[in-house]
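J.: Okay, handing you the structure first.
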Amino acid sequence: MENDRDLLLVAVFTFLTVFLWITFELIKTVKTTTVASPVQHIVTPLSASIDIDLLTKLKERPTY
Amino acid sequence: MPYNYKTELHRYRRYYQSIEQFVAKPQTHAFTTAIFSFLAISLFGWYAIRPTLQTILYLRREIDDNKKVNQQMEEKIGKLIEAQSSYQSAQDVIPYMTQALPETSDVLAALGQIRNIALIRGASISAITSSSAPLLSKEKSIPNKQAALARGLPNRIAKSVQLSVNLKGTYEILEGIIKDIVSMRRLISIESFNITLDSESEKQLAYGSVPLKLILKLNVYYIDSE
């Protein structure tokens with residue numbers, strides 16, 4: 001009787017360990033991005049405006 | 001002598017009987033069923049259910065990511081078209097940007113400009129030194145462009161080269177030189193300056209102009225990739 005209860009506890013803890021392991025692996029799979037690092041770098045937002053005032057000010061500066 | 005199970009089985013009969021009694025207990029049945037059920041679920045969970053669920057979730061995540069990347073790419077393409085039109089409209093003033101922040105250290109050009117300022121203002125240069133500077137930018141020094149592209153787009157940052165200039169002249173001349181250096185097109189910042197009385201040319205004191213010695217430490221900026 002005692003032996004049975006011990007074996008059952010081992011089985012239950014094994015089941016719980018495997019269940020939690022599977023859960024965390026699945027969470028990790030969901031959270032990890034599948035986009036490669038170079039692609040992430042390429043799709044970074046870009047500002048299309050050029051500061052013409054700044055360039056005009058630069059034009060006014062003298063060169064020697 | 002080898003064991004003959006047909007004739008000598010009766011020797012172990014009592015053990016079989018005790019196992020039969022043990023197995024016949026309903027509690028043992030229940031425990032055994034529960035234990036093997038948990039172990040079987042664990043085993044199949046790890047080797048069958050986990051890979052299946054992982055594949056499903058990975059593929060769903062990949063679809064979502066690809067949709068996002070596609071949307072970001074479309075936005076970026078739009079922005080690039082806008083940037084191209086902005087660039088074309090500002091094409092005549094963009095070279096000034098390269099003059100202000102060149103793609104190489106171009107120290108000689110900066111030194112030449114400082115010398116010209118000193119000549120125009122009538123000061124004399126007694127010494128001019130520069131810290132070590134790369135002659136080519138990193139992008140130009142990489143021979144294989146394909147390999148450079150494979151590593152991704154480089155981050156472009158402003159770097160500086162330090163110059164040290166010793167000048168001699170009156171206060172007005174030296175003040176004018178500092179103003180000219182700060183306001184010239186090539187971006188140069190003054191890190192420190194030190195004005196002392198020039199002891200070598202004391203004769204000029206008689207004419208009313210005080211000769212001074214200016215030690216300038218400058219930072220000349222340029223654009224480089226990381």
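Just so we're on the same page: first chain in the structure tokens is A, next is B, and so on; residues restart at 1 for each chain, and ligands are numbered from 1 in the order they show up.
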Go through chain A residue by residue and, counting only C-alpha atoms, keep those with an atom at most 8 Å from chain B; for each kept residue give the shortest atom pair and its distance in Å to one decimal, ordered by chain and increasing number, as JSON lines.

T.:
{"residue": "A:Met1", "atom": "CA", "partner": "B:Thr28", "partner_atom": "CA", "distance": 7.7}
{"residue": "A:Asp4", "atom": "CA", "partner": "B:Phe31", "partner_atom": "CA", "distance": 6.2}
{"residue": "A:Arg5", "atom": "CA", "partner": "B:Phe31", "partner_atom": "CA", "distance": 7.5}
{"residue": "A:Leu7", "atom": "CA", "partner": "B:Ile35", "partner_atom": "CA", "distance": 6.9}
{"residue": "A:Leu8", "atom": "CA", "partner": "B:Ile35", "partner_atom": "CA", "distance": 5.1}
{"residue": "A:Ala11", "atom": "CA", "partner": "B:Ile35", "partner_atom": "CA", "distance": 5.6}
{"residue": "A:Val12", "atom": "CA", "partner": "B:Phe38", "partner_atom": "CA", "distance": 6.3}
{"residue": "A:Thr14", "atom": "CA", "partner": "B:Ser42", "partner_atom": "CA", "distance": 7.1}
{"residue": "A:Phe15", "atom": "CA", "partner": "B:Ser42", "partner_atom": "CA", "distance": 5.1}
{"residue": "A:Val18", "atom": "CA", "partner": "B:Ser42", "partner_atom": "CA", "distance": 6.0}
{"residue": "A:Phe19", "atom": "CA", "partner": "B:Ser42", "partner_atom": "CA", "distance": 7.3}
{"residue": "A:Ile22", "atom": "CA", "partner": "B:Arg50", "partner_atom": "CA", "distance": 6.0}
{"residue": "A:Glu25", "atom": "CA", "partner": "B:Gln54", "partner_atom": "CA", "distance": 7.8}
{"residue": "A:Leu26", "atom": "CA", "partner": "B:Gln54", "partner_atom": "CA", "distance": 5.9}
{"residue": "A:Thr29", "atom": "CA", "partner": "B:Tyr58", "partner_atom": "CA", "distance": 6.1}
{"residue": "A:Val30", "atom": "CA", "partner": "B:Leu57", "partner_atom": "CA", "distance": 6.1}
{"residue": "A:Thr33", "atom": "CA", "partner": "B:Asp65", "partner_atom": "CA", "distance": 7.2}
{"residue": "A:Thr34", "atom": "CA", "partner": "B:Glu62", "partner_atom": "CA", "distance": 5.7}
{"residue": "A:Val35", "atom": "CA", "partner": "B:Asp65", "partner_atom": "CA", "distance": 6.6}
{"residue": "A:Pro38", "atom": "CA", "partner": "B:Gly152", "partner_atom": "CA", "distance": 5.6}
{"residue": "A:His41", "atom": "CA", "partner": "B:Gly152", "partner_atom": "CA", "distance": 7.3}
{"residue": "A:Ile42", "atom": "CA", "partner": "B:Leu153", "partner_atom": "CA", "distance": 7.7}
{"residue": "A:Val43", "atom": "CA", "partner": "B:Met73", "partner_atom": "CA", "distance": 5.8}
{"residue": "A:Thr44", "atom": "CA", "partner": "B:Gln72", "partner_atom": "CA", "distance": 7.9}
{"residue": "A:Pro45", "atom": "CA", "partner": "B:Lys76", "partner_atom": "CA", "distance": 6.5}
{"residue": "A:Leu46", "atom": "CA", "partner": "B:Lys79", "partner_atom": "CA", "distance": 6.5}
{"residue": "A:Ser47", "atom": "CA", "partner": "B:Lys79", "partner_atom": "CA", "distance": 7.0}
{"residue": "A:Ala48", "atom": "CA", "partner": "B:Ala83", "partner_atom": "CA", "distance": 4.3}
{"residue": "A:Ser49", "atom": "CA", "partner": "B:Ala83", "partner_atom": "CA", "distance": 6.6}
{"residue": "A:Ile50", "atom": "CA", "partner": "B:Ser86", "partner_atom": "CA", "distance": 6.5}
{"residue": "A:Ile52", "atom": "CA", "partner": "B:Ala90", "partner_atom": "CA", "distance": 7.0}
{"residue": "A:Leu55", "atom": "CA", "partner": "B:Val93", "partner_atom": "CA", "distance": 6.1}
{"residue": "A:Thr56", "atom": "CA", "partner": "B:Val93", "partner_atom": "CA", "distance": 7.0}
{"residue": "A:Leu58", "atom": "CA", "partner": "B:Arg185", "partner_atom": "CA", "distance": 6.1}
{"residue": "A:Lys59", "atom": "CA", "partner": "B:Tyr96", "partner_atom": "CA", "distance": 6.0}
{"residue": "A:Arg61", "atom": "CA", "partner": "B:Arg185", "partner_atom": "CA", "distance": 4.9}
{"residue": "A:Pro62", "atom": "CA", "partner": "B:Met184", "partner_atom": "CA", "distance": 5.2}
{"residue": "A:Thr63", "atom": "CA", "partner": "B:Arg185", "partner_atom": "CA", "distance": 5.7}
{"residue": "A:Tyr64", "atom": "CA", "partner": "B:Gln113", "partner_atom": "CA", "distance": 5.0}

J.: Using DSSP on the backbone coordinates, identify the residues of chain A assigned to helix (DSSP H, G or I); present them as a PyMOL selection string.

T.: chain A and resi 2-31+37-42+52-60

J.: Write out the residues from the selection above, keeping N, CA and C atoms, as a CSV table (one decimal), in the first residue's frame.

T.:
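Dumped to out-v3.csv:
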chain,number,residue,atom,x,y,z
A,2,GLU,N,1.9,1.3,0.9
A,2,GLU,CA,2.8,2.4,1.0
A,2,GLU,C,3.6,2.6,-0.3
A,3,ASN,N,4.0,1.4,-0.8
A,3,ASN,CA,4.8,1.3,-2.1
A,3,ASN,C,4.0,1.9,-3.2
A,4,ASP,N,2.7,1.6,-3.3
A,4,ASP,CA,1.9,2.0,-4.3
A,4,ASP,C,1.7,3.6,-4.3
A,5,ARG,N,1.5,4.1,-3.1
A,5,ARG,CA,1.4,5.5,-2.9
A,5,ARG,C,2.6,6.3,-3.3
A,6,ASP,N,3.8,5.7,-3.0
A,6,ASP,CA,5.1,6.4,-3.4
A,6,ASP,C,5.2,6.4,-4.9
A,7,LEU,N,4.9,5.2,-5.5
A,7,LEU,CA,5.0,5.2,-7.0
A,7,LEU,C,4.0,6.1,-7.7
A,8,LEU,N,2.8,6.3,-7.1
A,8,LEU,CA,1.8,7.2,-7.6
A,8,LEU,C,2.3,8.6,-7.5
A,9,LEU,N,3.0,9.0,-6.4
A,9,LEU,CA,3.5,10.3,-6.2
A,9,LEU,C,4.6,10.6,-7.2
A,10,VAL,N,5.5,9.6,-7.4
A,10,VAL,CA,6.5,9.8,-8.5
A,10,VAL,C,5.9,10.0,-9.8
A,11,ALA,N,4.9,9.2,-10.1
A,11,ALA,CA,4.2,9.4,-11.4
A,11,ALA,C,3.6,10.8,-11.6
A,12,VAL,N,2.9,11.2,-10.5
A,12,VAL,CA,2.2,12.5,-10.5
A,12,VAL,C,3.3,13.6,-10.7
A,13,PHE,N,4.3,13.6,-9.9
A,13,PHE,CA,5.4,14.6,-10.1
A,13,PHE,C,6.0,14.6,-11.5
A,14,THR,N,6.2,13.4,-12.0
A,14,THR,CA,6.8,13.3,-13.3
A,14,THR,C,5.9,14.0,-14.3
A,15,PHE,N,4.6,13.7,-14.2
A,15,PHE,CA,3.6,14.3,-15.1
A,15,PHE,C,3.6,15.8,-14.9
A,16,LEU,N,3.6,16.3,-13.7
A,16,LEU,CA,3.6,17.8,-13.5
A,16,LEU,C,4.8,18.4,-14.1
A,17,THR,N,6.0,17.8,-13.9
A,17,THR,CA,7.2,18.3,-14.4
A,17,THR,C,7.2,18.4,-15.9
A,18,VAL,N,6.7,17.3,-16.5
A,18,VAL,CA,6.6,17.3,-18.0
A,18,VAL,C,5.6,18.3,-18.5
A,19,PHE,N,4.5,18.4,-17.8
A,19,PHE,CA,3.5,19.4,-18.2
A,19,PHE,C,4.0,20.8,-18.2
A,20,LEU,N,4.7,21.2,-17.0
A,20,LEU,CA,5.2,22.5,-16.9
A,20,LEU,C,6.3,22.8,-18.0
A,21,TRP,N,7.1,21.8,-18.2
A,21,TRP,CA,8.2,21.9,-19.2
A,21,TRP,C,7.6,22.2,-20.6
A,22,ILE,N,6.6,21.4,-20.9
A,22,ILE,CA,5.9,21.6,-22.2
A,22,ILE,C,5.3,23.0,-22.3
A,23,THR,N,4.7,23.4,-21.2
A,23,THR,CA,4.0,24.7,-21.2
A,23,THR,C,5.1,25.8,-21.4
A,24,PHE,N,6.2,25.8,-20.7
A,24,PHE,CA,7.2,26.9,-20.8
A,24,PHE,C,7.8,26.8,-22.2
A,25,GLU,N,8.0,25.6,-22.8
A,25,GLU,CA,8.6,25.6,-24.1
A,25,GLU,C,7.6,26.2,-25.1
A,26,LEU,N,6.3,26.0,-24.9
A,26,LEU,CA,5.3,26.5,-25.9
A,26,LEU,C,5.3,28.1,-25.7
A,27,ILE,N,5.4,28.5,-24.5
A,27,ILE,CA,5.4,30.0,-24.2
A,27,ILE,C,6.6,30.6,-24.9
A,28,LYS,N,7.7,29.9,-24.8
A,28,LYS,CA,9.0,30.4,-25.4
A,28,LYS,C,8.8,30.5,-26.9
A,29,THR,N,8.2,29.5,-27.5
A,29,THR,CA,8.0,29.4,-28.9
A,29,THR,C,7.1,30.6,-29.4
A,30,VAL,N,6.0,30.9,-28.6
A,30,VAL,CA,5.1,32.0,-29.0
A,30,VAL,C,5.8,33.3,-28.9
A,31,LYS,N,6.6,33.5,-27.8
A,31,LYS,CA,7.2,34.8,-27.6
A,31,LYS,C,8.4,35.1,-28.5
A,37,SER,N,17.6,38.8,-37.8
A,37,SER,CA,18.1,40.1,-37.4
A,37,SER,C,18.4,41.1,-38.6
A,38,PRO,N,18.9,40.7,-39.7
A,38,PRO,CA,19.1,41.6,-40.8
A,38,PRO,C,17.8,42.2,-41.3
A,39,VAL,N,16.7,41.3,-41.3
A,39,VAL,CA,15.4,41.8,-41.8
A,39,VAL,C,14.9,42.8,-40.8
A,40,GLN,N,15.0,42.6,-39.5
A,40,GLN,CA,14.6,43.6,-38.5
A,40,GLN,C,15.3,44.9,-38.8
A,41,HIS,N,16.6,44.8,-39.1
A,41,HIS,CA,17.4,46.0,-39.4
A,41,HIS,C,16.9,46.8,-40.6
A,42,ILE,N,16.5,46.0,-41.6
A,42,ILE,CA,16.0,46.6,-42.9
A,42,ILE,C,14.7,47.3,-42.7
A,52,ILE,N,16.0,71.1,-45.1
A,52,ILE,CA,16.5,72.0,-46.1
A,52,ILE,C,17.1,73.3,-45.5
A,53,ASP,N,16.4,73.7,-44.4
A,53,ASP,CA,16.9,74.9,-43.7
A,53,ASP,C,18.3,74.8,-43.2
A,54,LEU,N,18.6,73.6,-42.7
A,54,LEU,CA,20.0,73.3,-42.2
A,54,LEU,C,21.0,73.3,-43.3
A,55,LEU,N,20.6,72.7,-44.5
A,55,LEU,CA,21.5,72.7,-45.6
A,55,LEU,C,21.7,74.1,-46.2
A,56,THR,N,20.6,74.9,-46.1
A,56,THR,CA,20.7,76.3,-46.6
A,56,THR,C,21.7,77.1,-45.7
A,57,LYS,N,21.6,76.8,-44.4
A,57,LYS,CA,22.5,77.5,-43.4
A,57,LYS,C,23.9,77.1,-43.7
A,58,LEU,N,24.1,75.8,-44.0
A,58,LEU,CA,25.5,75.3,-44.3
A,58,LEU,C,26.0,76.0,-45.6
A,59,LYS,N,25.1,76.2,-46.5
A,59,LYS,CA,25.5,76.8,-47.8
A,59,LYS,C,26.0,78.2,-47.5
A,60,GLU,N,25.4,78.9,-46.6
A,60,GLU,CA,25.8,80.3,-46.3
A,60,GLU,C,27.1,80.4,-45.5

J.: Apply DSSP to the backbone of this structure and, from chain B, keep only the residues in strand (DSSP E); write these as a ChimeraX atom specification.

T.: /B:124-130,156-169,188-197,212-225

J.: For Leu197 of chain B, please output as a list in words all residues within 10 Å (counting only C-alpha atoms; exclusion window: fewer than 6 positions along the same chain).

T.: Lys168, Gly169, Thr170, Val210, Pro211, Leu212, Lys213 and Leu214 of chain B

J.: Keeping C-alpha atoms for every residue in the selection just given, could you write it to a file as a PDB file, in the first residue's frame?

T.:
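Okay, part.pdb is ready:
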ATOM      1  CA  LYS B 168      50.818  84.120 -33.132  1.00  0.00           C
ATOM      2  CA  GLY B 169      49.168  87.481 -33.558  1.00  0.00           C
ATOM      3  CA  THR B 170      47.396  90.313 -31.829  1.00  0.00           C
ATOM      4  CA  VAL B 210      50.520  93.143 -27.910  1.00  0.00           C
ATOM      5  CA  PRO B 211      51.723  89.929 -29.577  1.00  0.00           C
ATOM      6  CA  LEU B 212      49.969  86.878 -28.218  1.00  0.00           C
ATOM      7  CA  LYS B 213      50.383  83.159 -28.640  1.00  0.00           C
ATOM      8  CA  LEU B 214      47.257  81.071 -29.098  1.00  0.00           C
TER       9      LEU B 214
END
